[in-house]
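J.: Sending over a structure as structure tokens; questions will come in a sec.
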Protein chains: 2
Amino acid sequence: MQNLTIGIDVGGTKIAGGIVTAKGRLLKSWVVPTKAHDGVKTSFLQVRRLIERLIAEAGGKHNLVGIGLCAPGTLDPKTGFVINAPNLPGWEHLKLAHELERIFSLPARVENDANAAGLAEVLFGAAVGHRNVFYVTVSTGIGTGIIIDRRIYHGSRGVAGEGGHVSIDYKSPYRCGCGTLGCIEALASGPAMVRRARVRLVQEYTTPSLLRTMSHGQMKLISPEMISEAARKGDAIAKSILDETGFYLGVWLGGMITLLDPSAVVMGGGVARIGKPLFSKIREAIRHYTLNPAMAAKIPILPAKLQENVGVYGAASLFLPAGETAERPL
Amino acid sequence: MQNLTIGIDVGGTKIAGGIVTAKGRLLKSWVVPTKAHDGVKTSFLQVRRLIERLIAEAGGKHNLVGIGLCAPGTLDPKTGFVINAPNLPGWEHLKLAHELERIFSLPARVENDANAAGLAEVLFGAAVGHRNVFYVTVSTGIGTGIIIDRRIYHGSRGVAGEGGHVSIDYKSPYRCGCGTLGCIEALASGPAMVRRARVRLVQEYTTPSLLRTMSHGQMKLISPEMISEAARKGDAIAKSILDETGFYLGVWLGGMITLLDPSAVVMGGGVARIGKPLFSKIREAIRHYTLNPAMAAKIPILPAKLQENVGVYGAASLFLPAGETAERPL
């Protein structure tokens, strides 16, 4: 018996799986592209095969404490149900934990991916030493996790912590996928940045912009990375798109800080990797949109540390004894 | 020894004090108008005299467990400090709990008034039976309290739960007293309703409105109560002011529900007493501004129950053993 845990992170584009020790060390990990559009039978079979490989790699079930799985969407940690997962066609009303337990005869737990990632960052990543953390991941969507006293805050029905769908502009022209106007996800996610950049390029058709040359020349669609690169090279439109993104995130985080008073904010996801030019704008906007600017200024806004394996760590963390932590910060 | 607690609620206009049993029964209460503008020496002396009267009424200190005090503003429950209380001139950087303990040789605790009121509603009021509650009081300002597992959520530095200063419209023309644009307090508090009504009366100067006759005829300034009364009598402008207020509160609560997933929302304060016409608008708006409208629709929006003594109950609750509750819902 080695007290190992399997962590599985099922995303719309990739499925990552790994074996994590009780001290939070990642022994082995694999990533496979998700065949999401082939439906739930196929994608669930992928998860099953991956778990089988990981069990073999762990030297058998007797070395394992359980299987943790996280995915983007509404997952109920109490019942082990996947209520829905918009990027994973067919993953809805699925007794997932129960099914995994039946197949593998091992305890199984499920969790929303941002919640799991937030927990992982507190236990092993950027926020080691902090107890109350607001975790944000900005990429295709904006996911958040509220960590209170080093545990995931689930609310009364397990669906708390969906901060990406809090509106900062109720009459915004930007409608979120969820239906609401002005959700931070609709304003500051990767696709939202690209959409704003495209509008700007049309509106300011007489202003030269690297974004035009880069996307036409390379026959590529505009991406958040492209915007970031163009901004670095001094492109005015790209720079203002980045500044706006930082402003929106700061307005929103200002409210979250006023409400939740975390001791740290951790930001992960592709858009957050833009780094300093974005973070400095975020910090500036927070000051103007929070109740106690002086107190808020002392809250560190930390870049996430665990990167592509954050979901695997997070899913595995669901089996860590409460209060347990990494043998050393990673 | 009778296990009684003194609860003191210091507001900008009145100071309420009472004696509460361990089972949550209010034995005796008094209210005095706050001499706030005479400064902290005078208003603190009022508090001191009130406590002296209550100790006598309780039959002496040996019958008392402690003194709980709540006030609007930033109070740190851990250190017992009043950091600031905007409506109480001079109440800042005050070692209040320490001072009360020194004077009365009894344990003392302090708390933000909305937090205390939220706790009281969960323990003795509208939300008995609920564990995770979002409490809102809408009057001169908008105060909120986050109750998790029947305890006040304080965040990392004791200043969490200031939901009234979360913006729902970052480019709003309405600036909050705190400096931020579009805080719900700047849009939906009593004074905000009055301000919007005044603007509307000017803009729509050709539309007849009861608000004009009522305020001119009675030589009174427009008040939220007047707006509510005029709306009840069918006045179009007053009705639309109420509808807007409900809409703003619903947009904001939609976000709070998405983030916190409470099992109930409790609404107190003068504006909330407008009742049904406001609450139905709130419920309608929540549906359009929350991630899971079907789940949100199941969360009851409850009118507060404890009314004018809520602060006294709340302050006294600070000494209740965790998990203790009223002998019966009041």
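Naming scheme: A, B, ... for chains in displayed order of the structure tokens; residues 1 onward per chain; ligands 1 onward as shown.
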Mind running chain A against chain B at 8 Å and telling me each contacting residue's nearest atom pair with the distance in Å (one decimal), counting only C-alpha atoms, chain and number ascending, as a tab-separated table?
T.:
```
residue	atom	partner	partner_atom	distance
A:Arg131	CA	B:Ser156	CA	7.8
A:Asn132	CA	B:Ser156	CA	6.2
A:His154	CA	B:Asp261	CA	7.6
A:Gly155	CA	B:Asp261	CA	4.7
A:Ser156	CA	B:Ser263	CA	5.4
A:Arg157	CA	B:Asp261	CA	6.8
A:Gly158	CA	B:Asp261	CA	7.6
A:Val159	CA	B:Asp261	CA	6.2
A:Ala160	CA	B:Asp261	CA	4.7
A:Gly161	CA	B:Leu259	CA	4.6
A:Glu162	CA	B:Leu259	CA	5.1
A:Gly163	CA	B:Leu259	CA	5.2
A:His165	CA	B:Leu291	CA	6.3
A:Val166	CA	B:Gly255	CA	4.6
A:Ser167	CA	B:Ile168	CA	6.2
A:Ile168	CA	B:Ile168	CA	4.6
A:Asp169	CA	B:Asp169	CA	4.2
A:Tyr170	CA	B:Asp169	CA	6.1
A:Lys171	CA	B:Asp169	CA	7.7
A:Cys178	CA	B:Leu291	CA	6.1
A:Gly179	CA	B:His288	CA	7.4
A:Thr180	CA	B:Tyr289	CA	5.2
A:Leu181	CA	B:Tyr289	CA	7.4
A:Val251	CA	B:Tyr170	CA	7.1
A:Gly254	CA	B:Val166	CA	7.8
A:Gly255	CA	B:Val166	CA	4.6
A:Met256	CA	B:Val166	CA	7.6
A:Ile257	CA	B:Ala160	CA	7.8
A:Thr258	CA	B:Glu162	CA	5.6
A:Leu259	CA	B:Gly161	CA	4.6
A:Leu260	CA	B:Ala160	CA	4.9
A:Asp261	CA	B:Ala160	CA	4.7
A:Pro262	CA	B:Ser156	CA	5.5
A:Ser263	CA	B:Ser156	CA	5.4
A:His288	CA	B:Thr180	CA	6.2
A:Tyr289	CA	B:Thr180	CA	5.2
A:Thr290	CA	B:Thr180	CA	6.9
A:Leu291	CA	B:Cys178	CA	6.1
```
J.: Would you write out those residues with C-alpha atoms, as a PDB file, in the first residue's frame?
T.:
```pdb
ATOM      1  CA  ARG A 131      -5.679  29.784   3.744  1.00  0.00           C
ATOM      2  CA  ASN A 132      -8.276  31.937   1.934  1.00  0.00           C
ATOM      3  CA  HIS A 154     -18.963  24.509  -2.359  1.00  0.00           C
ATOM      4  CA  GLY A 155     -21.974  26.513  -1.222  1.00  0.00           C
ATOM      5  CA  SER A 156     -25.234  24.858  -0.368  1.00  0.00           C
ATOM      6  CA  ARG A 157     -25.663  22.731  -3.483  1.00  0.00           C
ATOM      7  CA  GLY A 158     -22.093  22.254  -4.648  1.00  0.00           C
ATOM      8  CA  VAL A 159     -22.243  24.859  -7.419  1.00  0.00           C
ATOM      9  CA  ALA A 160     -20.576  27.855  -5.726  1.00  0.00           C
ATOM     10  CA  GLY A 161     -17.541  29.643  -7.079  1.00  0.00           C
ATOM     11  CA  GLU A 162     -18.682  30.410 -10.622  1.00  0.00           C
ATOM     12  CA  GLY A 163     -17.191  33.889 -10.484  1.00  0.00           C
ATOM     13  CA  HIS A 165     -20.359  34.519 -14.609  1.00  0.00           C
ATOM     14  CA  VAL A 166     -20.649  37.567 -12.403  1.00  0.00           C
ATOM     15  CA  SER A 167     -21.553  40.638 -14.460  1.00  0.00           C
ATOM     16  CA  ILE A 168     -19.639  43.889 -14.107  1.00  0.00           C
ATOM     17  CA  ASP A 169     -21.757  45.686 -16.694  1.00  0.00           C
ATOM     18  CA  TYR A 170     -25.413  44.709 -16.732  1.00  0.00           C
ATOM     19  CA  LYS A 171     -26.109  46.628 -19.952  1.00  0.00           C
ATOM     20  CA  CYS A 178     -24.492  31.593 -20.232  1.00  0.00           C
ATOM     21  CA  GLY A 179     -26.994  34.189 -21.433  1.00  0.00           C
ATOM     22  CA  THR A 180     -26.074  37.032 -19.087  1.00  0.00           C
ATOM     23  CA  LEU A 181     -24.854  40.440 -20.258  1.00  0.00           C
ATOM     24  CA  VAL A 251     -12.861  45.881 -11.795  1.00  0.00           C
ATOM     25  CA  GLY A 254     -11.961  44.548  -6.929  1.00  0.00           C
ATOM     26  CA  GLY A 255     -15.508  43.365  -6.239  1.00  0.00           C
ATOM     27  CA  MET A 256     -14.408  39.823  -5.402  1.00  0.00           C
ATOM     28  CA  ILE A 257     -11.862  41.198  -2.909  1.00  0.00           C
ATOM     29  CA  THR A 258     -14.460  43.504  -1.333  1.00  0.00           C
ATOM     30  CA  LEU A 259     -16.761  40.531  -0.913  1.00  0.00           C
ATOM     31  CA  LEU A 260     -14.393  37.688  -0.033  1.00  0.00           C
ATOM     32  CA  ASP A 261     -11.325  39.337   1.512  1.00  0.00           C
ATOM     33  CA  PRO A 262      -8.892  36.615   0.398  1.00  0.00           C
ATOM     34  CA  SER A 263      -5.275  36.674   1.546  1.00  0.00           C
ATOM     35  CA  HIS A 288     -10.404  52.081  -8.180  1.00  0.00           C
ATOM     36  CA  TYR A 289     -13.030  49.388  -7.786  1.00  0.00           C
ATOM     37  CA  THR A 290     -12.629  48.081  -4.275  1.00  0.00           C
ATOM     38  CA  LEU A 291     -13.795  49.302  -0.875  1.00  0.00           C
TER      39      LEU A 291
END
```
J.: So that I can check the secondary structure, give me every residue of range 34-81 of chain B assigned strand (DSSP E or B) by backbone DSSP, as a PyMOL selection string.
T.: chain B and resi 64-71+74-76+81
J.: When you draw a straight line from CA of Pro33 in chain B to CA of Val138 in chain B, how long is it in Å?
T.: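 A separation of 20.5 Å between them.
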J.: Mind checking which residues fall within 12 Å of Ala272 in chain A, counting only C-alpha atoms, ignoring those fewer than 5 positions away in the same chain, and posting them as a PyMOL selection string?
T.: chain A and resi 135-142+188-190+224-225+228+242+245-246+249+266-267+277-280+282+301-305+307
J.: Go ahead and write the selection's residues with C-alpha atoms as a compact mmCIF listing (two decimals), in the first residue's frame.
T.:
```
# COMPACT_ATOMS: atom_id res chain seq x y z
CA TYR A 135 -8.35 31.33 -7.78
CA VAL A 136 -8.97 32.47 -11.35
CA THR A 137 -8.17 30.79 -14.63
CA VAL A 138 -8.52 32.93 -17.75
CA SER A 139 -8.43 31.07 -21.05
CA THR A 140 -11.33 30.02 -23.32
CA GLY A 141 -13.59 30.77 -20.39
CA ILE A 142 -13.05 32.26 -16.96
CA ALA A 188 -11.99 39.29 -20.64
CA SER A 189 -11.62 35.64 -21.70
CA GLY A 190 -9.38 34.75 -24.67
CA PRO A 224 -4.72 36.12 -27.44
CA GLU A 225 -1.04 35.13 -27.89
CA SER A 228 0.13 39.80 -26.55
CA LEU A 242 -4.59 44.15 -23.31
CA THR A 245 -8.64 43.18 -20.46
CA GLY A 246 -6.60 44.09 -17.40
CA LEU A 249 -10.33 41.84 -14.68
CA VAL A 266 -3.97 33.28 -7.92
CA MET A 267 -4.33 33.74 -11.68
CA PRO A 277 1.62 44.09 -18.75
CA LEU A 278 -1.69 42.48 -17.80
CA PHE A 279 -1.06 42.14 -14.06
CA SER A 280 -0.01 45.76 -13.62
CA ILE A 282 -5.24 44.58 -13.08
CA ILE A 301 -2.01 38.72 -7.21
CA LEU A 302 0.07 35.63 -7.88
CA PRO A 303 0.63 33.93 -11.23
CA ALA A 304 -0.34 30.26 -11.03
CA LYS A 305 2.54 27.85 -10.62
CA GLN A 307 0.65 25.05 -15.24
```
J.: Could you give me, as a PyMOL selection string, each residue of range 48-137 of chain A that DSSP assigns to alpha helix (DSSP H) when run on this structure's backbone?
T.: chain A and resi 48-57+96-104+113-124
J.: Between CA of Glu101 in chain B and CA of Cys70 in chain B, what is the distance, to one decimal in Å?
T.: 15.2 Å
J.: Report the distance between CA of Gly270 in chain B and CA of Leu306 in chain B in Å, rounded to one decimal place.
T.: 12.5 Å
J.: From the set B:Ala230, B:Ala16, B:Ala316, B:Leu88, which residue has the shortest atom-to-atom contact distance to Gly68 in chain B, counting only C-alpha atoms?
T.: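 Closest residue, counting only C-alpha atoms: B:Ala316.
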J.: List as a tab-separated table (two decimals) with C-alpha atoms, in the first residue's frame the protein and nucleic acid residues near Pro89 in chain B, meaning an atom at most 10 Å away when only C-alpha atoms are counted, but skip any in the same chain fewer than 2 places from it.
T.:
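Written output follows (part_13.tsv):
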```
chain	number	residue	atom	x	y	z
B	12	GLY	CA	-25.68	56.65	13.04
B	35	LYS	CA	-25.53	61.95	19.56
B	36	ALA	CA	-23.20	61.03	16.72
B	37	HIS	CA	-22.27	64.57	15.78
B	38	ASP	CA	-21.13	65.43	19.28
B	39	GLY	CA	-18.18	63.15	18.60
B	40	VAL	CA	-16.86	59.88	19.90
B	41	LYS	CA	-16.56	60.96	23.56
B	43	SER	CA	-21.50	58.78	21.75
B	84	ASN	CA	-13.64	53.02	10.83
B	85	ALA	CA	-17.38	53.70	10.97
B	86	PRO	CA	-18.27	56.46	8.47
B	87	ASN	CA	-21.60	57.38	10.16
B	91	TRP	CA	-15.13	56.05	15.81
B	92	GLU	CA	-11.90	55.02	14.15
```
J.: Contacts of Met193 in chain B at 10 Å or less, counting only C-alpha atoms, minus same-chain residues fewer than 5 places along, as a list in words?
T.: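 In the requested form, the answer reads Ala186, Leu187, Ala188, Arg198, Ile222, Ser223, Pro224, Ile227, Ala238, Ile241, Leu242, Glu244, Thr245 and Val271 of chain B.
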